>>> print(open('final.cif').read())   # mmCIF, N, CA and C atoms
data_target
loop_
_atom_site.label_atom_id
_atom_site.label_comp_id
_atom_site.auth_asym_id
_atom_site.auth_seq_id
_atom_site.Cartn_x
_atom_site.Cartn_y
_atom_site.Cartn_z
N MET A 24 -150.15 -307.94 -44.23
CA MET A 24 -149.55 -306.77 -43.62
C MET A 24 -150.58 -306.14 -42.68
N VAL A 25 -150.19 -305.91 -41.46
CA VAL A 25 -151.08 -305.38 -40.44
C VAL A 25 -150.93 -303.86 -40.38
N LEU A 26 -152.05 -303.17 -40.29
CA LEU A 26 -152.01 -301.72 -40.12
C LEU A 26 -151.43 -301.37 -38.76
N LEU A 27 -150.85 -300.20 -38.68
CA LEU A 27 -150.22 -299.78 -37.43
C LEU A 27 -151.22 -299.68 -36.28
N LYS A 28 -152.44 -299.21 -36.59
CA LYS A 28 -153.42 -299.06 -35.50
C LYS A 28 -153.84 -300.40 -34.92
N ASP A 29 -153.67 -301.49 -35.68
CA ASP A 29 -154.01 -302.82 -35.19
C ASP A 29 -152.79 -303.60 -34.70
N SER A 30 -151.62 -303.01 -34.78
CA SER A 30 -150.38 -303.70 -34.45
C SER A 30 -150.16 -303.77 -32.95
N SER A 31 -149.45 -304.81 -32.53
CA SER A 31 -149.11 -304.94 -31.11
C SER A 31 -147.90 -304.08 -30.75
N ALA A 32 -147.13 -303.65 -31.75
CA ALA A 32 -145.94 -302.84 -31.51
C ALA A 32 -146.22 -301.34 -31.63
N LYS A 33 -147.49 -300.98 -31.54
CA LYS A 33 -147.88 -299.58 -31.72
C LYS A 33 -147.23 -298.67 -30.69
N GLU A 34 -147.17 -299.09 -29.47
CA GLU A 34 -146.60 -298.26 -28.40
C GLU A 34 -145.09 -298.09 -28.57
N VAL A 35 -144.42 -299.13 -29.02
CA VAL A 35 -142.98 -299.05 -29.25
C VAL A 35 -142.70 -298.04 -30.36
N ILE A 36 -143.48 -298.11 -31.40
CA ILE A 36 -143.29 -297.19 -32.52
C ILE A 36 -143.63 -295.76 -32.11
N ARG A 37 -144.66 -295.60 -31.28
CA ARG A 37 -145.01 -294.27 -30.79
C ARG A 37 -143.87 -293.69 -29.94
N ALA A 38 -143.22 -294.53 -29.15
CA ALA A 38 -142.08 -294.06 -28.34
C ALA A 38 -140.92 -293.63 -29.24
N GLN A 39 -140.68 -294.41 -30.31
CA GLN A 39 -139.63 -294.02 -31.26
C GLN A 39 -139.98 -292.69 -31.94
N TYR A 40 -141.27 -292.52 -32.26
CA TYR A 40 -141.72 -291.28 -32.87
C TYR A 40 -141.50 -290.11 -31.93
N GLU A 41 -141.82 -290.26 -30.67
CA GLU A 41 -141.63 -289.20 -29.68
C GLU A 41 -140.15 -288.85 -29.53
N GLN A 42 -139.29 -289.87 -29.57
CA GLN A 42 -137.85 -289.62 -29.48
C GLN A 42 -137.37 -288.84 -30.70
N LEU A 43 -137.82 -289.23 -31.88
CA LEU A 43 -137.45 -288.51 -33.10
C LEU A 43 -137.97 -287.07 -33.08
N TRP A 44 -139.18 -286.89 -32.58
CA TRP A 44 -139.75 -285.54 -32.50
C TRP A 44 -138.93 -284.65 -31.56
N SER A 45 -138.50 -285.21 -30.44
CA SER A 45 -137.70 -284.41 -29.51
C SER A 45 -136.34 -284.06 -30.12
N GLU A 46 -135.79 -284.96 -30.95
CA GLU A 46 -134.53 -284.64 -31.62
C GLU A 46 -134.74 -283.62 -32.74
N LEU A 47 -135.89 -283.66 -33.38
CA LEU A 47 -136.18 -282.67 -34.43
C LEU A 47 -136.30 -281.27 -33.85
N LEU A 48 -136.76 -281.18 -32.63
CA LEU A 48 -136.94 -279.86 -32.01
C LEU A 48 -135.62 -279.14 -31.77
N ILE A 49 -134.53 -279.86 -31.64
CA ILE A 49 -133.24 -279.21 -31.40
C ILE A 49 -132.44 -279.02 -32.68
N ARG A 50 -132.99 -279.39 -33.82
CA ARG A 50 -132.31 -279.24 -35.11
C ARG A 50 -132.60 -277.87 -35.72
N ASP A 51 -131.81 -277.54 -36.73
CA ASP A 51 -132.02 -276.33 -37.51
C ASP A 51 -133.36 -276.45 -38.25
N GLU A 52 -134.03 -275.34 -38.44
CA GLU A 52 -135.36 -275.36 -39.05
C GLU A 52 -135.33 -275.92 -40.47
N GLU A 53 -134.36 -275.50 -41.27
CA GLU A 53 -134.28 -275.99 -42.65
C GLU A 53 -134.00 -277.49 -42.70
N ARG A 54 -133.14 -277.94 -41.81
CA ARG A 54 -132.83 -279.37 -41.76
C ARG A 54 -134.06 -280.17 -41.32
N ALA A 55 -134.80 -279.64 -40.35
CA ALA A 55 -136.01 -280.32 -39.89
C ALA A 55 -137.05 -280.39 -41.01
N GLU A 56 -137.19 -279.31 -41.78
CA GLU A 56 -138.13 -279.32 -42.90
C GLU A 56 -137.73 -280.35 -43.95
N LEU A 57 -136.43 -280.45 -44.19
CA LEU A 57 -135.93 -281.43 -45.16
C LEU A 57 -136.24 -282.85 -44.69
N ILE A 58 -136.05 -283.12 -43.42
CA ILE A 58 -136.33 -284.45 -42.86
C ILE A 58 -137.82 -284.77 -42.97
N VAL A 59 -138.67 -283.80 -42.66
CA VAL A 59 -140.11 -284.02 -42.74
C VAL A 59 -140.54 -284.24 -44.19
N LYS A 60 -139.96 -283.49 -45.13
CA LYS A 60 -140.31 -283.68 -46.54
C LYS A 60 -139.89 -285.06 -47.03
N LYS A 61 -138.72 -285.54 -46.58
CA LYS A 61 -138.29 -286.89 -46.94
C LYS A 61 -139.25 -287.93 -46.38
N LEU A 62 -139.70 -287.71 -45.16
CA LEU A 62 -140.65 -288.65 -44.55
C LEU A 62 -141.97 -288.64 -45.30
N GLU A 63 -142.46 -287.45 -45.67
CA GLU A 63 -143.69 -287.36 -46.46
C GLU A 63 -143.54 -288.10 -47.78
N TYR A 64 -142.37 -287.93 -48.40
CA TYR A 64 -142.13 -288.60 -49.68
C TYR A 64 -142.18 -290.12 -49.53
N GLU A 65 -141.62 -290.62 -48.44
CA GLU A 65 -141.62 -292.07 -48.21
C GLU A 65 -143.03 -292.61 -47.99
N LEU A 66 -143.93 -291.78 -47.49
CA LEU A 66 -145.29 -292.23 -47.23
C LEU A 66 -146.20 -292.15 -48.46
N LEU A 67 -145.72 -291.55 -49.54
CA LEU A 67 -146.53 -291.41 -50.75
C LEU A 67 -146.69 -292.76 -51.45
N PRO A 68 -147.79 -292.91 -52.20
CA PRO A 68 -147.93 -294.10 -53.05
C PRO A 68 -146.87 -294.07 -54.17
N THR A 69 -146.60 -295.21 -54.76
CA THR A 69 -145.54 -295.33 -55.75
C THR A 69 -145.75 -294.40 -56.94
N ARG A 70 -146.95 -294.27 -57.42
CA ARG A 70 -147.23 -293.42 -58.59
C ARG A 70 -146.86 -291.97 -58.30
N GLN A 71 -147.20 -291.49 -57.13
CA GLN A 71 -146.88 -290.11 -56.78
C GLN A 71 -145.39 -289.94 -56.54
N LYS A 72 -144.71 -290.99 -56.07
CA LYS A 72 -143.26 -290.92 -55.89
C LYS A 72 -142.56 -290.71 -57.22
N ILE A 73 -143.09 -291.34 -58.27
CA ILE A 73 -142.48 -291.22 -59.59
C ILE A 73 -142.72 -289.83 -60.15
N LEU A 74 -143.91 -289.28 -59.97
CA LEU A 74 -144.27 -287.99 -60.56
C LEU A 74 -143.78 -286.79 -59.76
N ARG A 75 -143.54 -286.96 -58.48
CA ARG A 75 -143.24 -285.82 -57.61
C ARG A 75 -141.95 -285.07 -57.95
N PRO A 76 -140.84 -285.73 -58.28
CA PRO A 76 -139.62 -284.96 -58.57
C PRO A 76 -139.79 -283.96 -59.71
N PHE A 77 -140.67 -284.24 -60.65
CA PHE A 77 -140.88 -283.32 -61.76
C PHE A 77 -141.73 -282.12 -61.35
N LYS A 78 -142.56 -282.30 -60.34
CA LYS A 78 -143.42 -281.21 -59.89
C LYS A 78 -142.66 -280.17 -59.08
N ILE A 79 -141.63 -280.58 -58.36
CA ILE A 79 -140.92 -279.64 -57.49
C ILE A 79 -139.64 -279.10 -58.11
N LEU A 80 -139.53 -279.22 -59.43
CA LEU A 80 -138.36 -278.71 -60.13
C LEU A 80 -138.46 -277.19 -60.23
N THR A 81 -137.49 -276.47 -59.71
CA THR A 81 -137.51 -275.01 -59.75
C THR A 81 -136.23 -274.51 -60.41
N TRP A 82 -136.24 -273.23 -60.80
CA TRP A 82 -135.04 -272.64 -61.40
C TRP A 82 -133.87 -272.66 -60.43
N LYS A 83 -134.16 -272.51 -59.16
CA LYS A 83 -133.09 -272.53 -58.15
C LYS A 83 -132.38 -273.88 -58.16
N LYS A 84 -133.14 -274.96 -58.28
CA LYS A 84 -132.54 -276.29 -58.30
C LYS A 84 -131.83 -276.56 -59.63
N ILE A 85 -132.40 -276.04 -60.71
CA ILE A 85 -131.77 -276.26 -62.03
C ILE A 85 -130.44 -275.52 -62.12
N LEU A 86 -130.41 -274.29 -61.62
CA LEU A 86 -129.21 -273.47 -61.72
C LEU A 86 -128.25 -273.64 -60.55
N PHE A 87 -128.51 -274.58 -59.67
CA PHE A 87 -127.66 -274.79 -58.50
C PHE A 87 -126.20 -275.03 -58.85
N PRO A 88 -125.87 -275.83 -59.89
CA PRO A 88 -124.44 -276.03 -60.20
C PRO A 88 -123.74 -274.76 -60.70
N PHE A 89 -124.49 -273.75 -61.13
CA PHE A 89 -123.91 -272.55 -61.69
C PHE A 89 -123.92 -271.38 -60.69
N LYS A 90 -123.49 -271.63 -59.48
CA LYS A 90 -123.50 -270.59 -58.45
C LYS A 90 -122.34 -269.61 -58.60
N THR A 91 -121.18 -270.07 -59.01
CA THR A 91 -120.02 -269.20 -59.10
C THR A 91 -119.84 -268.70 -60.53
N HIS A 92 -119.04 -267.64 -60.67
CA HIS A 92 -118.80 -267.07 -61.99
C HIS A 92 -118.03 -268.04 -62.88
N LEU A 93 -117.14 -268.79 -62.29
CA LEU A 93 -116.32 -269.72 -63.07
C LEU A 93 -117.17 -270.78 -63.75
N THR A 94 -118.17 -271.27 -63.05
CA THR A 94 -119.01 -272.31 -63.65
C THR A 94 -119.94 -271.74 -64.72
N TRP A 95 -120.08 -270.44 -64.80
CA TRP A 95 -120.80 -269.81 -65.91
C TRP A 95 -119.84 -269.53 -67.06
N ILE A 96 -118.62 -269.13 -66.75
CA ILE A 96 -117.66 -268.74 -67.78
C ILE A 96 -117.21 -269.94 -68.61
N ILE A 97 -116.93 -271.06 -67.97
CA ILE A 97 -116.42 -272.23 -68.70
C ILE A 97 -117.42 -272.74 -69.75
N PRO A 98 -118.69 -273.00 -69.41
CA PRO A 98 -119.62 -273.46 -70.47
C PRO A 98 -119.85 -272.41 -71.56
N LEU A 99 -119.89 -271.14 -71.17
CA LEU A 99 -120.07 -270.11 -72.19
C LEU A 99 -118.87 -270.03 -73.13
N CYS A 100 -117.68 -270.20 -72.61
CA CYS A 100 -116.47 -270.22 -73.45
C CYS A 100 -116.48 -271.42 -74.40
N VAL A 101 -116.87 -272.57 -73.90
CA VAL A 101 -116.94 -273.76 -74.75
C VAL A 101 -117.96 -273.56 -75.87
N ILE A 102 -119.13 -273.05 -75.51
CA ILE A 102 -120.17 -272.81 -76.52
C ILE A 102 -119.70 -271.80 -77.55
N SER A 103 -119.10 -270.71 -77.09
CA SER A 103 -118.64 -269.69 -78.04
C SER A 103 -117.48 -270.21 -78.90
N PHE A 104 -116.62 -271.07 -78.35
CA PHE A 104 -115.54 -271.65 -79.15
C PHE A 104 -116.10 -272.48 -80.30
N PHE A 105 -117.05 -273.37 -79.99
CA PHE A 105 -117.62 -274.20 -81.06
C PHE A 105 -118.42 -273.37 -82.05
N LEU A 106 -119.08 -272.34 -81.59
CA LEU A 106 -119.80 -271.45 -82.50
C LEU A 106 -118.83 -270.73 -83.42
N LEU A 107 -117.73 -270.23 -82.87
CA LEU A 107 -116.71 -269.57 -83.68
C LEU A 107 -116.06 -270.54 -84.65
N ALA A 108 -115.79 -271.77 -84.21
CA ALA A 108 -115.21 -272.78 -85.09
C ALA A 108 -116.16 -273.09 -86.25
N TYR A 109 -117.44 -273.17 -85.98
CA TYR A 109 -118.44 -273.42 -87.02
C TYR A 109 -118.47 -272.28 -88.03
N VAL A 110 -118.47 -271.06 -87.54
CA VAL A 110 -118.50 -269.89 -88.42
C VAL A 110 -117.23 -269.85 -89.26
N LEU A 111 -116.07 -270.09 -88.68
CA LEU A 111 -114.83 -270.10 -89.43
C LEU A 111 -114.80 -271.21 -90.47
N PHE A 112 -115.34 -272.36 -90.14
CA PHE A 112 -115.41 -273.47 -91.09
C PHE A 112 -116.26 -273.09 -92.30
N ILE A 113 -117.41 -272.51 -92.05
CA ILE A 113 -118.29 -272.08 -93.15
C ILE A 113 -117.61 -270.98 -93.96
N TYR A 114 -116.98 -270.04 -93.29
CA TYR A 114 -116.30 -268.94 -93.98
C TYR A 114 -115.17 -269.45 -94.86
N THR A 115 -114.33 -270.37 -94.33
CA THR A 115 -113.22 -270.89 -95.13
C THR A 115 -113.72 -271.77 -96.26
N SER A 116 -114.79 -272.53 -96.04
CA SER A 116 -115.31 -273.36 -97.13
C SER A 116 -115.88 -272.50 -98.24
N LEU A 117 -116.52 -271.40 -97.92
CA LEU A 117 -117.01 -270.48 -98.95
C LEU A 117 -115.85 -269.77 -99.64
N TRP A 118 -114.81 -269.47 -98.88
CA TRP A 118 -113.65 -268.80 -99.45
C TRP A 118 -112.90 -269.73 -100.41
N VAL A 119 -112.75 -271.02 -100.02
CA VAL A 119 -112.08 -272.00 -100.87
C VAL A 119 -112.90 -272.28 -102.12
N GLU A 120 -114.21 -272.30 -102.00
CA GLU A 120 -115.09 -272.55 -103.13
C GLU A 120 -115.00 -271.44 -104.17
N ASP A 121 -114.68 -270.23 -103.72
CA ASP A 121 -114.58 -269.09 -104.60
C ASP A 121 -113.40 -269.24 -105.55
N TYR A 122 -112.32 -269.87 -105.12
CA TYR A 122 -111.12 -270.01 -105.95
C TYR A 122 -111.14 -271.23 -106.76
#
>>> encode(input="final.cif", output="structure tokens")
Amino acid sequence: MVLLKDSSAKEVIRAQYEQLWSELLIRDEERAELIVKKLEYELLPTRQKILRPFKILTWKKILFPFKTHLTWIIPLCVISFFLLAYVLFIYTSLWVEDY
């Protein structure tokens, strides 16, 4: 495998890079940052690629599926239903044992 600095296609790749850079300049800032971060990720060694997703885990990313009230209400209702069912089961089993 030949390094880019020793490659004969260095100028072609540089021209492609310049074209991509000019297209990045007309993009939205957040989208451009996302593209650059993806490129940085691709340039990382394999070991860092494996470890990196765990380092950038934030509460915002964890709670992303729970943006609306409905997506909070449904899991809470399910949890409370099973909790209530468990309590009722224990209560009825103690009540039946009494008789």
>>> atom_distance(input="final.cif", atom1="atom N of Thr115 in chain A", atom2="CA of Ser103 in chain A")
16.9 Å
>>> axis_aligned_box(input="final.cif", around="range 81-98 of chain A", padding_each_side="5 Å", output="AutoDock Vina command-line options")
--center_x -126.9 --center_y -271.8 --center_z -64.9 --size_x 31.2 --size_y 19.5 --size_z 23.4
>>> select_by_dssp(input="final.cif", residues="range 24-87 of chain A", states="alpha helix (DSSP H)", output="MDAnalysis selection string")
chainID A and resid 33:48 52:66 69:78 82:85
>>> atom_distance(input="final.cif", atom1="atom N of Gln39 in chain A", atom2="atom C of Thr69 in chain A")
27.1 Å
>>> atom_distance(input="final.cif", atom1="atom C of Ile49 in chain A", atom2="atom C of Lys61 in chain A")
17.7 Å
